[in-house]
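Everything below concerns the one structure shown next.
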Amino acid sequence: TYLDALVGANPEFEGFYVYGSWFFTGEHRPYDLSKGTFGRVIPEQNFSFSKGGLGAWELGLRYSYLDLDDEGITGGTLSDITLGLTWYFNPNVRSMFNYIDADLEQAGVDGDTPIFQTRMQVDF
């Protein structure tokens, strides 16, 4: 049975992702080496109809992979490619748009799923 396969087993799963992005309005993502953290993106010009500010625009690309098969466990593998566009209205508000092409391979099930997701974030 499934539980018998787990007794004495030491399964190892693996996964990784690679991500890159480009601010085509000239900004950058600050990084604090001493803390090992990314800081807040601050647009060179906040978005404004009256002042003509565009905010900051970031284009991102990510590939990720997850393998959940080992020691009798057949969790499958999942890989996906994400194309993302993020609009930073100002340092506290952003809107994210992602297109994801996910590919699942699991015992007896193979699936390719296109996903479109969007999110608005307000952070103070």
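By convention in this document, the chains of the structure tokens carry letters A, B, ... by their order, each chain's residues are numbered from 1, and ligands are numbered from 1 in the order they are shown.
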
Quiz item: What's the 12 Å shell around A:His28, counting only C-alpha atoms, without same-chain residues fewer than 6 positions away, as a count of residues only?
Solution: 14

Quiz item: Which residues, written as a PyMOL selection string, have at least one atom at most 12 Å from A:Gly75, with only C-alpha atoms counted and residues fewer than 3 positions away on the same chain left out?
Solution: chain A and resi 2+11-14+66-72+78+104-109

Mind dumping the selected residues with N, CA and C atoms as a short mmCIF file (atom, residue, chain, number, x, y, z; two decimals), in the first residue's frame?
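After the write, selection-v4.cif holds the following:
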data_model
loop_
_atom_site.label_atom_id
_atom_site.label_comp_id
_atom_site.auth_asym_id
_atom_site.auth_seq_id
_atom_site.Cartn_x
_atom_site.Cartn_y
_atom_site.Cartn_z
N TYR A 2 0.22 2.38 -0.10
CA TYR A 2 0.93 3.65 -0.14
C TYR A 2 1.70 3.90 1.15
N PRO A 11 12.35 9.71 1.14
CA PRO A 11 12.20 10.32 -0.19
C PRO A 11 12.87 11.69 -0.26
N GLU A 12 13.38 11.99 -1.42
CA GLU A 12 13.97 13.29 -1.68
C GLU A 12 13.28 13.88 -2.89
N PHE A 13 12.77 15.08 -2.73
CA PHE A 13 12.12 15.79 -3.82
C PHE A 13 13.00 16.97 -4.22
N GLU A 14 12.86 17.38 -5.46
CA GLU A 14 13.69 18.50 -5.90
C GLU A 14 12.86 19.49 -6.70
N LEU A 66 9.36 21.18 -10.53
CA LEU A 66 9.16 20.48 -9.27
C LEU A 66 8.99 18.99 -9.56
N ASP A 67 9.77 18.14 -8.88
CA ASP A 67 9.70 16.69 -9.05
C ASP A 67 9.32 16.06 -7.71
N LEU A 68 8.13 15.46 -7.65
CA LEU A 68 7.64 14.84 -6.42
C LEU A 68 7.56 13.32 -6.55
N ASP A 69 8.45 12.72 -7.32
CA ASP A 69 8.52 11.27 -7.49
C ASP A 69 9.79 10.74 -6.83
N ASP A 70 9.63 9.83 -5.85
CA ASP A 70 10.79 9.19 -5.24
C ASP A 70 10.32 8.18 -4.19
N GLU A 71 11.05 7.11 -4.03
CA GLU A 71 10.81 6.11 -2.98
C GLU A 71 9.36 5.62 -2.94
N GLY A 72 8.79 5.32 -4.11
CA GLY A 72 7.43 4.81 -4.16
C GLY A 72 6.35 5.88 -4.13
N LEU A 78 6.05 18.82 -12.29
CA LEU A 78 5.39 20.01 -12.79
C LEU A 78 6.44 20.99 -13.25
N LEU A 104 1.95 19.33 -16.33
CA LEU A 104 1.96 18.32 -15.27
C LEU A 104 2.11 16.94 -15.89
N GLU A 105 3.01 16.14 -15.33
CA GLU A 105 3.15 14.74 -15.72
C GLU A 105 3.07 13.92 -14.45
N GLN A 106 2.02 13.11 -14.35
CA GLN A 106 1.81 12.27 -13.19
C GLN A 106 1.32 10.92 -13.70
N ALA A 107 1.50 9.88 -12.91
CA ALA A 107 1.11 8.52 -13.33
C ALA A 107 -0.29 8.52 -13.93
N GLY A 108 -0.37 8.29 -15.22
CA GLY A 108 -1.65 8.21 -15.90
C GLY A 108 -2.29 9.53 -16.25
N VAL A 109 -1.68 10.64 -15.85
CA VAL A 109 -2.26 11.95 -16.12
C VAL A 109 -1.19 12.87 -16.67
#

Self-check item: Residues near stretch 111-114 of chain A, cut-off 10 Å, only C-alpha atoms, skip fewer than 6 positions along chain, as a list in words
Solution: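 With the cut-off at 10 Å, the set is Leu78, Ser79, Asp80, Ile81, Thr82, Tyr99, Ile100, Asp101, Ala102, Asp103, Leu104 and Glu105 of chain A.
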
Using N, CA, C and O atoms, can you write the selected residues to a file as an mmCIF file, in the first residue's frame?
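Once everything was written out, this is part.cif:
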data_model
loop_
_atom_site.group_PDB
_atom_site.id
_atom_site.type_symbol
_atom_site.label_atom_id
_atom_site.label_comp_id
_atom_site.auth_asym_id
_atom_site.auth_seq_id
_atom_site.Cartn_x
_atom_site.Cartn_y
_atom_site.Cartn_z
ATOM 1 N N LEU A 78 6.053 18.817 -12.294
ATOM 2 C CA LEU A 78 5.387 20.011 -12.793
ATOM 3 C C LEU A 78 6.443 20.994 -13.249
ATOM 4 O O LEU A 78 7.389 21.282 -12.512
ATOM 5 N N SER A 79 6.298 21.473 -14.461
ATOM 6 C CA SER A 79 7.176 22.536 -14.944
ATOM 7 C C SER A 79 6.280 23.635 -15.502
ATOM 8 O O SER A 79 5.201 23.364 -16.022
ATOM 9 N N ASP A 80 6.742 24.859 -15.358
ATOM 10 C CA ASP A 80 5.951 25.951 -15.927
ATOM 11 C C ASP A 80 6.845 27.104 -16.337
ATOM 12 O O ASP A 80 7.940 27.288 -15.823
ATOM 13 N N ILE A 81 6.329 27.855 -17.294
ATOM 14 C CA ILE A 81 6.968 29.076 -17.769
ATOM 15 C C ILE A 81 5.982 30.207 -17.504
ATOM 16 O O ILE A 81 4.796 30.092 -17.822
ATOM 17 N N THR A 82 6.483 31.275 -16.896
ATOM 18 C CA THR A 82 5.643 32.422 -16.566
ATOM 19 C C THR A 82 6.180 33.673 -17.243
ATOM 20 O O THR A 82 7.379 33.953 -17.167
ATOM 21 N N TYR A 99 1.015 35.385 -17.287
ATOM 22 C CA TYR A 99 0.546 34.285 -18.118
ATOM 23 C C TYR A 99 1.451 33.108 -17.796
ATOM 24 O O TYR A 99 2.679 33.222 -17.873
ATOM 25 N N ILE A 100 0.865 31.977 -17.426
ATOM 26 C CA ILE A 100 1.624 30.792 -17.031
ATOM 27 C C ILE A 100 1.220 29.628 -17.919
ATOM 28 O O ILE A 100 0.030 29.372 -18.117
ATOM 29 N N ASP A 101 2.207 28.929 -18.444
ATOM 30 C CA ASP A 101 1.961 27.690 -19.186
ATOM 31 C C ASP A 101 2.528 26.561 -18.333
ATOM 32 O O ASP A 101 3.741 26.412 -18.225
ATOM 33 N N ALA A 102 1.640 25.795 -17.672
ATOM 34 C CA ALA A 102 2.048 24.736 -16.743
ATOM 35 C C ALA A 102 1.882 23.375 -17.397
ATOM 36 O O ALA A 102 0.891 23.117 -18.081
ATOM 37 N N ASP A 103 2.844 22.483 -17.154
ATOM 38 C CA ASP A 103 2.822 21.137 -17.710
ATOM 39 C C ASP A 103 2.998 20.132 -16.580
ATOM 40 O O ASP A 103 4.046 20.092 -15.935
ATOM 41 N N LEU A 104 1.955 19.331 -16.330
ATOM 42 C CA LEU A 104 1.964 18.320 -15.272
ATOM 43 C C LEU A 104 2.108 16.939 -15.889
ATOM 44 O O LEU A 104 1.418 16.610 -16.850
ATOM 45 N N GLU A 105 3.006 16.144 -15.331
ATOM 46 C CA GLU A 105 3.147 14.745 -15.718
ATOM 47 C C GLU A 105 3.071 13.915 -14.450
ATOM 48 O O GLU A 105 3.904 14.035 -13.565
#

Can you tell me, as a JSON list (two decimals) with N, CA, C and O atoms, in the first residue's frame, which residues in chain A count as helix (DSSP H, G or I) by DSSP?
[["chain", "number", "residue", "atom", "x", "y", "z"],
["A", 2, "TYR", "N", 0.22, 2.38, -0.10],
["A", 2, "TYR", "CA", 0.93, 3.65, -0.14],
["A", 2, "TYR", "C", 1.70, 3.90, 1.15],
["A", 2, "TYR", "O", 2.85, 4.30, 1.14],
["A", 3, "LEU", "N", 1.07, 3.63, 2.30],
["A", 3, "LEU", "CA", 1.76, 3.86, 3.58],
["A", 3, "LEU", "C", 2.91, 2.89, 3.79],
["A", 3, "LEU", "O", 3.93, 3.24, 4.37],
["A", 4, "ASP", "N", 2.77, 1.64, 3.33],
["A", 4, "ASP", "CA", 3.87, 0.68, 3.43],
["A", 4, "ASP", "C", 5.09, 1.16, 2.68],
["A", 4, "ASP", "O", 6.23, 0.93, 3.10],
["A", 5, "ALA", "N", 4.88, 1.85, 1.57],
["A", 5, "ALA", "CA", 6.00, 2.37, 0.77],
["A", 5, "ALA", "C", 6.75, 3.46, 1.54],
["A", 5, "ALA", "O", 7.94, 3.66, 1.33],
["A", 6, "LEU", "N", 6.07, 4.15, 2.44],
["A", 6, "LEU", "CA", 6.70, 5.24, 3.18],
["A", 6, "LEU", "C", 7.49, 4.77, 4.39],
["A", 6, "LEU", "O", 8.41, 5.45, 4.84]]

Quiz item: Pick the closest to A:Arg29 from A:Asn98, A:Val122, A:Phe16, A:Pro91: which is it, counting only C-alpha atoms?
Solution: A:Pro91

Self-check item: Residue set, chain A restricted to strand (DSSP E), as an MDAnalysis selection string
Solution: chainID A and resid 14:23 31:32 37:38 56:70 73:90 93:106 109:122

Exercise. Please measure the separation of atom CA of A:Tyr65 and atom CA of A:Phe116, giving the value in Å to one decimal.
Key: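 According to the coordinates, atom CA of A:Tyr65 and atom CA of A:Phe116 are separated by 18.7 Å.
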
Quiz item: Which residue, A:Met96, A:Phe89, A:Glu27, A:Gln121, has the smallest gap to A:Ser48 when you use only C-alpha atoms?
Solution: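 With only C-alpha atoms as the atom set, the closest residue is A:Phe89.
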